[in-house]
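To keep things clear, I will list the structure first and then write my remarks on it.
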Amino acid sequence: MKSHVWRPLYLAAGLLALFLIARYIYVPKDFGTGERGYRYSFHRLGNEDEWKAFKVKYKGTEYCKDCHSDKYQQIMRSRHAIISCENCHGPAIDHPENPAKLAKETNREHCLRCHFRLPYPTSGRSAIRGIYPGEHNPGAPCSACHNPHKPQEGLR
Amino acid sequence: MITRRKLITNTLKGMAALSLPAAAFEILTPERLNAIIYNDTAKVRYVFLVDTNKCVGCGLCVKACKNENEIPYEANVTRTWVERYIITRDERHEVLEKVFADSPKGARDGFITGTIDLGHGNTYTPRKEDIDKAFFVPKLCNQCDNPACVQVCPVGATYQADDGVVLIDRKWCIGCGYCVMGCPYGVRFFHPQHHVADKCNFCYHRIKKGMKTACVEACPFGARLIGNYKDPDDAVTRIINTKRVGVLKEEFGTRPQVFYLGLSMEVR
(Lines give C-alpha, C1' and ligand atoms only; values in the text may rest on other atoms or scores of the structure.)
Protein backbone atom coordinates (compact mmCIF):
# COMPACT_ATOMS: atom_id res chain seq x y z
CA MET A 1 0.00 0.00 0.00
CA LYS A 2 1.35 3.38 -0.94
CA SER A 3 0.39 6.42 1.06
CA HIS A 4 1.78 9.91 1.55
CA VAL A 5 1.46 9.41 5.32
CA TRP A 6 4.36 7.00 5.75
CA ARG A 7 7.34 9.20 4.95
CA PRO A 8 6.60 12.01 7.45
CA LEU A 9 5.60 9.38 9.99
CA TYR A 10 8.98 7.62 9.68
CA LEU A 11 10.65 11.01 10.02
CA ALA A 12 8.70 11.81 13.20
CA ALA A 13 9.42 8.37 14.68
CA GLY A 14 13.12 8.74 13.81
CA LEU A 15 13.34 12.15 15.49
CA LEU A 16 11.59 10.81 18.58
CA ALA A 17 14.00 7.87 18.76
CA LEU A 18 16.95 10.23 18.34
CA PHE A 19 15.64 12.42 21.17
CA LEU A 20 15.18 9.43 23.47
CA ILE A 21 18.66 8.10 22.73
CA ALA A 22 20.24 11.52 23.30
CA ARG A 23 18.35 11.89 26.58
CA TYR A 24 19.43 8.43 27.69
CA ILE A 25 23.09 9.25 27.06
CA TYR A 26 23.08 12.80 28.36
CA VAL A 27 20.92 12.72 31.51
CA PRO A 28 22.74 11.26 34.55
CA LYS A 29 21.43 7.91 35.76
CA ASP A 30 20.67 9.15 39.25
CA PHE A 31 18.30 11.92 38.22
CA GLY A 32 15.22 11.65 40.37
CA THR A 33 13.12 13.32 43.02
CA GLY A 34 13.17 13.57 46.79
CA GLU A 35 10.21 13.96 49.09
CA ARG A 36 9.16 17.29 47.67
CA GLY A 37 8.34 15.70 44.34
CA TYR A 38 8.90 17.00 40.82
CA ARG A 39 7.92 20.53 41.72
CA TYR A 40 10.69 21.21 44.23
CA SER A 41 13.16 18.34 44.22
CA PHE A 42 13.77 17.11 40.67
CA HIS A 43 17.56 16.78 40.68
CA ARG A 44 20.68 14.69 40.31
CA LEU A 45 20.55 12.79 43.61
CA GLY A 46 24.34 12.40 43.81
CA ASN A 47 24.73 16.15 44.17
CA GLU A 48 23.65 16.01 47.83
CA ASP A 49 26.69 13.86 48.62
CA GLU A 50 28.94 16.20 46.66
CA TRP A 51 27.88 19.04 48.95
CA LYS A 52 28.30 16.87 52.05
CA ALA A 53 31.88 16.15 50.97
CA PHE A 54 32.76 19.88 50.89
CA LYS A 55 35.80 20.68 53.05
CA VAL A 56 35.21 21.95 56.60
CA LYS A 57 37.61 24.79 57.41
CA TYR A 58 36.44 26.31 60.68
CA LYS A 59 36.96 23.65 63.36
CA GLY A 60 35.68 25.52 66.41
CA THR A 61 37.24 26.42 69.73
CA GLU A 62 37.12 22.80 70.96
CA TYR A 63 39.65 21.91 68.27
CA CYS A 64 42.19 24.38 69.73
CA LYS A 65 41.80 23.87 73.44
CA ASP A 66 43.88 20.70 73.98
CA CYS A 67 47.17 21.89 72.46
CA HIS A 68 46.74 25.56 73.33
CA SER A 69 45.21 25.04 76.76
CA ASP A 70 47.14 27.99 78.28
CA LYS A 71 45.69 30.44 75.76
CA TYR A 72 42.31 28.77 75.98
CA GLN A 73 42.19 29.10 79.78
CA GLN A 74 43.40 32.67 79.53
CA ILE A 75 40.71 33.89 77.15
CA MET A 76 37.97 31.84 78.81
CA ARG A 77 38.45 33.91 81.97
CA SER A 78 38.01 37.16 80.06
CA ARG A 79 35.11 38.97 78.50
CA HIS A 80 36.51 37.97 75.12
CA ALA A 81 35.58 34.35 75.86
CA ILE A 82 32.62 34.72 73.52
CA ILE A 83 34.95 35.25 70.55
CA SER A 84 36.03 31.98 68.97
CA CYS A 85 39.75 31.49 68.29
CA GLU A 86 39.33 31.30 64.54
CA ASN A 87 37.72 34.74 64.36
CA CYS A 88 41.13 36.31 64.93
CA HIS A 89 43.51 33.50 63.95
CA GLY A 90 41.78 32.39 60.77
CA PRO A 91 40.32 28.97 59.90
CA ALA A 92 42.26 26.01 61.34
CA ILE A 93 41.62 23.79 58.26
CA ASP A 94 44.12 20.93 58.95
CA HIS A 95 46.37 22.79 61.38
CA PRO A 96 49.07 21.87 62.47
CA GLU A 97 49.81 20.07 59.16
CA ASN A 98 48.18 22.60 56.85
CA PRO A 99 48.67 25.43 57.58
CA ALA A 100 51.59 24.92 59.97
CA LYS A 101 51.12 28.37 61.50
CA LEU A 102 47.95 30.36 61.88
CA ALA A 103 47.72 34.11 61.40
CA LYS A 104 47.11 36.79 64.00
CA GLU A 105 44.77 39.63 63.16
CA THR A 106 46.52 42.60 64.72
CA ASN A 107 45.28 45.45 62.57
CA ARG A 108 43.11 48.11 64.16
CA GLU A 109 40.23 47.46 61.77
CA HIS A 110 39.76 43.99 63.21
CA CYS A 111 39.22 45.30 66.76
CA LEU A 112 37.10 48.16 65.47
CA ARG A 113 34.53 45.67 64.16
CA CYS A 114 33.10 45.80 67.69
CA HIS A 115 35.00 48.65 69.34
CA PHE A 116 34.33 51.51 66.92
CA ARG A 117 32.02 53.69 68.98
CA LEU A 118 28.54 53.60 67.44
CA PRO A 119 26.09 54.90 70.06
CA TYR A 120 23.07 53.41 68.31
CA PRO A 121 19.82 53.28 70.22
CA THR A 122 18.04 49.89 69.96
CA SER A 123 21.31 48.09 69.18
CA GLY A 124 23.65 46.09 71.41
CA ARG A 125 26.55 47.91 69.77
CA SER A 126 26.06 50.93 72.06
CA ALA A 127 26.72 48.75 75.12
CA ILE A 128 30.27 47.87 73.94
CA ARG A 129 33.11 50.13 75.00
CA GLY A 130 34.29 51.85 71.86
CA ILE A 131 36.72 54.39 70.51
CA TYR A 132 36.98 56.86 67.67
CA PRO A 133 40.15 55.62 65.95
CA GLY A 134 41.07 59.08 64.72
CA GLU A 135 41.29 60.34 68.32
CA HIS A 136 42.54 57.24 70.17
CA ASN A 137 46.31 56.76 69.48
CA PRO A 138 45.92 56.91 65.69
CA GLY A 139 48.04 54.41 63.79
CA ALA A 140 49.20 52.36 66.78
CA PRO A 141 48.25 48.68 66.79
CA CYS A 142 45.72 47.93 69.56
CA SER A 143 47.79 44.99 70.81
CA ALA A 144 50.68 47.36 71.67
CA CYS A 145 48.72 48.33 74.78
CA HIS A 146 45.82 45.85 75.09
CA ASN A 147 46.18 42.08 75.31
CA PRO A 148 43.27 40.64 73.33
CA HIS A 149 43.35 37.47 75.47
CA LYS A 150 43.19 39.49 78.70
CA PRO A 151 41.33 42.69 77.81
CA GLN A 152 40.21 43.29 81.39
CA GLU A 153 43.74 43.51 82.81
CA GLY A 154 44.59 47.05 81.89
CA LEU A 155 47.44 48.25 79.76
CA ARG A 156 50.64 46.40 78.97
CA MET B 1 -43.00 -0.27 65.07
CA ILE B 2 -40.77 0.63 62.18
CA THR B 3 -42.30 3.19 59.93
CA ARG B 4 -40.83 4.10 56.56
CA ARG B 5 -39.91 7.58 57.87
CA LYS B 6 -38.02 6.11 60.87
CA LEU B 7 -36.20 3.62 58.67
CA ILE B 8 -34.97 6.34 56.32
CA THR B 9 -33.91 8.76 59.07
CA ASN B 10 -32.12 6.03 61.04
CA THR B 11 -30.35 4.83 57.94
CA LEU B 12 -29.14 8.34 57.19
CA LYS B 13 -28.01 8.84 60.80
CA GLY B 14 -26.20 5.52 60.76
CA MET B 15 -24.44 6.38 57.51
CA ALA B 16 -23.37 9.76 58.88
CA ALA B 17 -21.96 8.11 62.01
CA LEU B 18 -20.11 5.47 59.98
CA SER B 19 -18.56 8.07 57.71
CA LEU B 20 -16.93 9.82 60.70
CA PRO B 21 -13.32 8.60 60.80
CA ALA B 22 -11.71 7.69 64.09
CA ALA B 23 -9.30 10.57 63.52
CA ALA B 24 -12.14 13.03 64.15
CA PHE B 25 -11.98 12.16 67.85
CA GLU B 26 -8.22 12.55 68.18
CA ILE B 27 -7.02 15.54 70.20
CA LEU B 28 -4.03 17.10 68.47
CA THR B 29 -1.11 18.68 70.28
CA PRO B 30 0.66 21.53 68.45
CA GLU B 31 3.70 19.30 67.96
CA ARG B 32 1.61 16.56 66.38
CA LEU B 33 -0.10 19.15 64.18
CA ASN B 34 3.25 20.46 63.01
CA ALA B 35 4.33 16.95 62.14
CA ILE B 36 1.23 16.48 60.01
CA ILE B 37 1.47 19.84 58.25
CA TYR B 38 5.14 19.42 57.49
CA ASN B 39 4.72 15.81 56.27
CA ASP B 40 6.88 14.32 58.98
CA THR B 41 8.73 11.54 57.21
CA ALA B 42 12.23 12.98 57.43
CA LYS B 43 13.43 13.70 60.92
CA VAL B 44 15.06 17.03 60.10
CA ARG B 45 13.81 20.38 58.88
CA TYR B 46 16.56 22.95 59.29
CA VAL B 47 15.43 26.38 60.45
CA PHE B 48 17.41 29.46 61.35
CA LEU B 49 16.80 32.08 64.00
CA VAL B 50 18.29 35.57 63.91
CA ASP B 51 18.08 37.74 67.01
CA THR B 52 18.55 41.25 65.65
CA ASN B 53 18.63 42.65 69.19
CA LYS B 54 21.94 40.90 69.77
CA CYS B 55 23.69 41.76 66.50
CA VAL B 56 26.33 44.49 66.81
CA GLY B 57 27.41 44.51 63.15
CA CYS B 58 30.91 43.08 63.62
CA GLY B 59 30.66 41.14 60.37
CA LEU B 60 32.65 38.16 61.67
CA CYS B 61 29.88 35.91 60.32
CA VAL B 62 30.41 37.25 56.80
CA LYS B 63 34.17 36.78 57.03
CA ALA B 64 33.79 33.20 58.30
CA CYS B 65 31.18 32.37 55.65
CA LYS B 66 33.37 33.59 52.80
CA ASN B 67 36.36 31.59 54.02
CA GLU B 68 34.39 28.46 54.81
CA ASN B 69 32.47 28.33 51.56
CA GLU B 70 35.29 29.45 49.26
CA ILE B 71 33.60 32.62 48.05
CA PRO B 72 36.35 34.86 46.59
CA TYR B 73 37.18 37.23 49.43
CA GLU B 74 37.67 40.39 47.40
CA ALA B 75 34.74 39.86 45.00
CA ASN B 76 31.65 41.85 45.92
CA VAL B 77 29.46 38.77 46.36
CA THR B 78 28.59 36.99 49.58
CA ARG B 79 26.27 34.25 50.81
CA THR B 80 25.38 36.15 53.96
CA TRP B 81 25.56 39.81 54.80
CA VAL B 82 24.63 42.27 57.53
CA GLU B 83 22.53 45.37 56.88
CA ARG B 84 22.63 48.52 58.96
CA TYR B 85 19.41 50.49 59.34
CA ILE B 86 19.41 54.03 60.63
CA ILE B 87 16.14 55.89 61.11
CA THR B 88 16.43 59.63 61.65
CA ARG B 89 13.80 62.20 62.57
CA ASP B 90 13.52 65.84 61.68
CA GLU B 91 14.55 68.59 64.08
CA ARG B 92 11.17 68.89 65.78
CA HIS B 93 11.00 65.11 66.30
CA GLU B 94 7.49 64.96 64.93
CA VAL B 95 7.50 62.69 61.92
CA LEU B 96 9.59 59.75 60.86
CA GLU B 97 11.91 61.34 58.41
CA LYS B 98 14.28 59.00 56.69
CA VAL B 99 15.38 55.40 56.64
CA PHE B 100 18.97 54.70 55.64
CA ALA B 101 20.25 51.23 54.97
CA ASP B 102 23.71 50.14 53.93
CA SER B 103 25.88 47.06 53.84
CA PRO B 104 29.33 47.99 52.49
CA LYS B 105 31.00 44.84 51.08
CA GLY B 106 28.19 42.89 52.74
CA ALA B 107 29.70 43.99 56.09
CA ARG B 108 32.64 41.66 55.49
CA ASP B 109 34.79 44.12 57.47
CA GLY B 110 32.04 45.12 59.87
CA PHE B 111 30.82 48.67 60.39
CA ILE B 112 33.85 50.69 61.40
CA THR B 113 32.52 54.12 60.60
CA GLY B 114 29.44 56.15 61.47
CA THR B 115 29.17 57.28 57.84
CA ILE B 116 26.45 55.65 55.77
CA ASP B 117 27.23 54.46 52.26
CA LEU B 118 24.38 55.81 50.08
CA GLY B 119 25.74 54.21 46.90
CA HIS B 120 27.04 55.92 43.76
CA GLY B 121 29.91 57.31 45.81
CA ASN B 122 27.61 59.34 48.07
CA THR B 123 27.84 59.20 51.83
CA TYR B 124 25.96 60.73 54.73
CA THR B 125 26.93 61.05 58.37
CA PRO B 126 23.89 61.52 60.61
CA ARG B 127 24.29 63.52 63.80
CA LYS B 128 23.93 61.42 66.92
CA GLU B 129 20.96 63.40 68.21
CA ASP B 130 19.04 62.87 64.94
CA ILE B 131 19.19 59.08 65.15
CA ASP B 132 15.97 57.63 66.46
CA LYS B 133 16.64 53.96 65.87
CA ALA B 134 19.68 52.20 64.51
CA PHE B 135 20.29 48.49 64.36
CA PHE B 136 21.83 45.65 62.38
CA VAL B 137 20.04 42.87 60.52
CA PRO B 138 21.91 39.78 59.31
CA LYS B 139 20.56 38.23 56.12
CA LEU B 140 21.04 34.82 54.52
CA CYS B 141 19.12 32.36 52.37
CA ASN B 142 15.67 31.72 53.83
CA GLN B 143 15.52 28.09 52.59
CA CYS B 144 11.85 28.77 51.79
CA ASP B 145 9.24 26.04 51.96
CA ASN B 146 7.89 27.37 48.65
CA PRO B 147 11.17 28.30 46.99
CA ALA B 148 10.60 30.57 44.00
CA CYS B 149 14.17 29.98 42.81
CA VAL B 150 13.54 26.24 42.47
CA GLN B 151 10.32 26.66 40.52
CA VAL B 152 11.97 28.82 37.87
CA CYS B 153 15.01 26.56 37.27
CA PRO B 154 14.57 25.13 33.74
CA VAL B 155 17.06 22.27 34.10
CA GLY B 156 16.60 20.90 37.63
CA ALA B 157 19.92 22.24 38.84
CA THR B 158 18.51 23.74 42.02
CA TYR B 159 16.29 21.74 44.29
CA GLN B 160 15.10 21.28 47.85
CA ALA B 161 16.63 18.40 49.79
CA ASP B 162 14.41 16.39 52.13
CA ASP B 163 15.69 18.37 55.11
CA GLY B 164 14.45 21.62 53.57
CA VAL B 165 17.78 23.05 52.42
CA VAL B 166 17.77 24.40 48.86
CA LEU B 167 20.94 23.30 47.05
CA ILE B 168 22.51 24.08 43.68
CA ASP B 169 24.06 21.40 41.46
CA ARG B 170 27.19 23.11 40.15
CA LYS B 171 27.68 20.52 37.42
CA TRP B 172 24.14 20.85 36.13
CA CYS B 173 23.55 24.63 36.38
CA ILE B 174 23.65 26.34 32.97
CA GLY B 175 23.97 29.85 34.41
CA CYS B 176 20.74 31.23 32.92
CA GLY B 177 20.15 33.44 35.96
CA TYR B 178 16.39 32.87 36.32
CA CYS B 179 16.84 31.92 39.96
CA VAL B 180 18.93 35.04 40.65
CA MET B 181 15.99 37.07 39.33
CA GLY B 182 13.35 34.88 40.96
CA CYS B 183 14.56 35.14 44.55
CA PRO B 184 12.63 37.94 46.31
CA TYR B 185 15.38 38.22 48.92
CA GLY B 186 18.30 38.72 46.54
CA VAL B 187 20.38 36.00 48.15
CA ARG B 188 21.53 34.43 44.87
CA PHE B 189 24.50 35.57 42.82
CA PHE B 190 26.92 34.25 40.23
CA HIS B 191 29.99 32.56 41.61
CA PRO B 192 32.91 34.40 39.99
CA GLN B 193 35.01 31.24 39.63
CA HIS B 194 32.52 28.47 38.98
CA HIS B 195 30.27 30.64 36.76
CA VAL B 196 27.11 29.12 38.21
CA ALA B 197 24.44 30.38 40.58
CA ASP B 198 25.43 30.32 44.23
CA LYS B 199 23.83 31.02 47.58
CA CYS B 200 23.83 30.10 51.26
CA ASN B 201 23.08 26.43 51.88
CA PHE B 202 23.21 26.55 55.71
CA CYS B 203 26.77 25.14 55.39
CA TYR B 204 25.33 21.82 54.24
CA HIS B 205 28.68 20.04 54.69
CA ARG B 206 28.79 21.16 58.34
CA ILE B 207 25.20 20.67 59.49
CA LYS B 208 25.14 17.17 57.98
CA LYS B 209 28.13 16.31 60.23
CA GLY B 210 26.25 17.65 63.25
CA MET B 211 28.25 20.87 63.34
CA LYS B 212 26.84 24.37 63.35
CA THR B 213 27.09 26.66 60.35
CA ALA B 214 30.25 28.77 60.06
CA CYS B 215 28.32 31.99 60.76
CA VAL B 216 26.66 30.58 63.89
CA GLU B 217 30.05 29.40 65.10
CA ALA B 218 31.66 32.78 64.38
CA CYS B 219 28.99 35.00 65.99
CA PRO B 220 30.27 36.04 69.43
CA PHE B 221 26.89 37.37 70.55
CA GLY B 222 24.57 34.46 69.79
CA ALA B 223 22.61 36.49 67.26
CA ARG B 224 22.48 33.53 64.89
CA LEU B 225 21.14 30.07 65.74
CA ILE B 226 20.34 27.00 63.66
CA GLY B 227 17.91 24.30 64.71
CA ASN B 228 15.66 21.44 63.65
CA TYR B 229 11.98 22.34 63.45
CA LYS B 230 10.90 18.69 63.56
CA ASP B 231 12.39 18.31 67.03
CA PRO B 232 9.93 19.87 69.50
CA ASP B 233 12.63 20.01 72.21
CA ASP B 234 15.08 21.93 70.03
CA ALA B 235 15.95 25.32 71.55
CA VAL B 236 15.32 27.16 68.28
CA THR B 237 11.99 25.39 67.70
CA ARG B 238 10.89 26.37 71.20
CA ILE B 239 11.64 30.03 70.53
CA ILE B 240 9.87 29.98 67.15
CA ASN B 241 6.82 28.32 68.70
CA THR B 242 6.59 30.45 71.82
CA LYS B 243 8.09 33.87 71.09
CA ARG B 244 7.02 36.62 68.72
CA VAL B 245 9.06 35.96 65.61
CA GLY B 246 8.79 37.45 62.14
CA VAL B 247 9.91 36.50 58.67
CA LEU B 248 11.00 38.63 55.72
CA LYS B 249 8.53 39.47 52.92
CA GLU B 250 5.78 37.18 54.14
CA GLU B 251 3.48 38.58 51.44
CA PHE B 252 5.42 36.75 48.74
CA GLY B 253 4.07 33.42 49.98
CA THR B 254 7.50 31.78 49.93
CA ARG B 255 7.21 30.57 53.54
CA PRO B 256 10.74 31.52 54.60
CA GLN B 257 12.37 29.35 57.27
CA VAL B 258 14.71 32.00 58.66
CA PHE B 259 12.94 33.60 61.60
CA TYR B 260 13.76 36.96 63.12
CA LEU B 261 13.42 38.26 66.66
CA GLY B 262 13.13 42.02 66.95
CA LEU B 263 12.29 42.66 63.31
CA SER B 264 11.33 46.26 62.54
CA MET B 265 8.97 47.53 59.84
CA GLU B 266 11.79 49.36 58.07
CA VAL B 267 13.57 46.08 57.29
CA ARG B 268 13.01 45.06 53.69
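Please note that chains go A, B, ... in the order of the C-alpha coordinates, that every chain numbers its residues from 1, and that ligands are numbered from 1 in the order shown.
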Residue list for chain B near chain A as a ChimeraX atom specification, 6 Å, only C-alpha atoms = /B:54,56,58,68,110,112,133-135,156,159-160,162,169,205,220
Taking the DSSP assignment computed from this structure's backbone, write out as a VMD selection string all residues of range 51-92 of chain A that belong to helix (DSSP H, G or I).
-> chain A and resid 51 to 52 61 to 64 69 to 76 79 to 82 85 to 89
Just N, CA and C atoms for this one: save the residues we selected as a PDB file, in the first residue's frame.
ATOM      1  N   TRP A  51      27.866  17.917  47.995  1.00  0.00           N
ATOM      2  CA  TRP A  51      27.880  19.036  48.954  1.00  0.00           C
ATOM      3  C   TRP A  51      28.321  18.583  50.334  1.00  0.00           C
ATOM      4  N   LYS A  52      27.900  17.368  50.717  1.00  0.00           N
ATOM      5  CA  LYS A  52      28.300  16.874  52.051  1.00  0.00           C
ATOM      6  C   LYS A  52      29.800  16.674  52.132  1.00  0.00           C
ATOM      7  N   THR A  61      36.325  26.226  68.613  1.00  0.00           N
ATOM      8  CA  THR A  61      37.237  26.421  69.733  1.00  0.00           C
ATOM      9  C   THR A  61      37.666  25.097  70.374  1.00  0.00           C
ATOM     10  N   GLU A  62      36.788  24.094  70.362  1.00  0.00           N
ATOM     11  CA  GLU A  62      37.117  22.801  70.963  1.00  0.00           C
ATOM     12  C   GLU A  62      38.344  22.174  70.305  1.00  0.00           C
ATOM     13  N   TYR A  63      38.527  22.452  69.026  1.00  0.00           N
ATOM     14  CA  TYR A  63      39.652  21.911  68.271  1.00  0.00           C
ATOM     15  C   TYR A  63      40.980  22.470  68.787  1.00  0.00           C
ATOM     16  N   CYS A  64      40.957  23.694  69.324  1.00  0.00           N
ATOM     17  CA  CYS A  64      42.190  24.383  69.731  1.00  0.00           C
ATOM     18  C   CYS A  64      42.585  24.066  71.171  1.00  0.00           C
ATOM     19  N   SER A  69      46.057  24.920  75.573  1.00  0.00           N
ATOM     20  CA  SER A  69      45.208  25.040  76.760  1.00  0.00           C
ATOM     21  C   SER A  69      45.512  26.305  77.546  1.00  0.00           C
ATOM     22  N   ASP A  70      46.807  26.769  77.526  1.00  0.00           N
ATOM     23  CA  ASP A  70      47.139  27.986  78.280  1.00  0.00           C
ATOM     24  C   ASP A  70      46.377  29.178  77.720  1.00  0.00           C
ATOM     25  N   LYS A  71      46.398  29.325  76.390  1.00  0.00           N
ATOM     26  CA  LYS A  71      45.691  30.444  75.763  1.00  0.00           C
ATOM     27  C   LYS A  71      44.182  30.296  75.940  1.00  0.00           C
ATOM     28  N   TYR A  72      43.740  29.041  75.839  1.00  0.00           N
ATOM     29  CA  TYR A  72      42.307  28.774  75.977  1.00  0.00           C
ATOM     30  C   TYR A  72      41.821  29.185  77.367  1.00  0.00           C
ATOM     31  N   GLN A  73      42.571  28.743  78.403  1.00  0.00           N
ATOM     32  CA  GLN A  73      42.187  29.098  79.778  1.00  0.00           C
ATOM     33  C   GLN A  73      42.201  30.609  79.969  1.00  0.00           C
ATOM     34  N   GLN A  74      43.236  31.234  79.397  1.00  0.00           N
ATOM     35  CA  GLN A  74      43.398  32.675  79.535  1.00  0.00           C
ATOM     36  C   GLN A  74      42.171  33.423  79.005  1.00  0.00           C
ATOM     37  N   ILE A  75      41.790  33.109  77.762  1.00  0.00           N
ATOM     38  CA  ILE A  75      40.707  33.886  77.153  1.00  0.00           C
ATOM     39  C   ILE A  75      39.359  33.501  77.741  1.00  0.00           C
ATOM     40  N   MET A  76      39.236  32.263  78.237  1.00  0.00           N
ATOM     41  CA  MET A  76      37.967  31.844  78.813  1.00  0.00           C
ATOM     42  C   MET A  76      37.653  32.581  80.119  1.00  0.00           C
ATOM     43  N   ARG A  79      36.365  38.653  79.168  1.00  0.00           N
ATOM     44  CA  ARG A  79      35.108  38.973  78.497  1.00  0.00           C
ATOM     45  C   ARG A  79      35.189  38.650  77.011  1.00  0.00           C
ATOM     46  N   HIS A  80      36.375  38.388  76.508  1.00  0.00           N
ATOM     47  CA  HIS A  80      36.512  37.973  75.116  1.00  0.00           C
ATOM     48  C   HIS A  80      36.278  36.472  74.925  1.00  0.00           C
ATOM     49  N   ALA A  81      35.826  35.793  75.964  1.00  0.00           N
ATOM     50  CA  ALA A  81      35.582  34.349  75.862  1.00  0.00           C
ATOM     51  C   ALA A  81      34.536  34.023  74.808  1.00  0.00           C
ATOM     52  N   ILE A  82      33.680  34.979  74.504  1.00  0.00           N
ATOM     53  CA  ILE A  82      32.623  34.722  73.524  1.00  0.00           C
ATOM     54  C   ILE A  82      33.166  34.691  72.095  1.00  0.00           C
ATOM     55  N   CYS A  85      38.346  31.310  68.659  1.00  0.00           N
ATOM     56  CA  CYS A  85      39.755  31.494  68.288  1.00  0.00           C
ATOM     57  C   CYS A  85      39.915  31.869  66.827  1.00  0.00           C
ATOM     58  N   GLU A  86      39.134  31.152  65.982  1.00  0.00           N
ATOM     59  CA  GLU A  86      39.333  31.300  64.540  1.00  0.00           C
ATOM     60  C   GLU A  86      38.871  32.646  64.002  1.00  0.00           C
ATOM     61  N   ASN A  87      38.117  33.402  64.805  1.00  0.00           N
ATOM     62  CA  ASN A  87      37.720  34.738  64.360  1.00  0.00           C
ATOM     63  C   ASN A  87      38.929  35.653  64.199  1.00  0.00           C
ATOM     64  N   CYS A  88      39.949  35.469  65.015  1.00  0.00           N
ATOM     65  CA  CYS A  88      41.132  36.308  64.927  1.00  0.00           C
ATOM     66  C   CYS A  88      42.319  35.570  64.310  1.00  0.00           C
ATOM     67  N   HIS A  89      42.350  34.245  64.428  1.00  0.00           N
ATOM     68  CA  HIS A  89      43.513  33.495  63.949  1.00  0.00           C
ATOM     69  C   HIS A  89      43.269  32.825  62.607  1.00  0.00           C
TER      70      HIS A  89
END
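Minimum distance to Val196 in chain B across B:Glu250, B:Ala214, B:Ile174, B:Ile87 (counting only C-alpha atoms) occurs at B:Ile174.
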Filtered DSSP result for chain A, state strand (DSSP E or B), as a ChimeraX atom specification = /A:31-33,42-44,94,98,116,131
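Reported to one decimal place, the separation of CA of Leu49 in chain B from CA of Ile240 in chain B is 7.9 Å.
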Selection: 8 Å around Val258 in chain B, only C-alpha atoms, excl. self and same-chain fewer than 4 positions, as a count of residues only = 8
Separation of CA of Glu83 in chain B from CA of Cys55 in chain B, in Å and rounded to one decimal = 10.3 Å
Could you check how far CA of Gly186 in chain B sits from CA of Thr78 in chain B, in Å to one decimal?
-> 10.9 Å
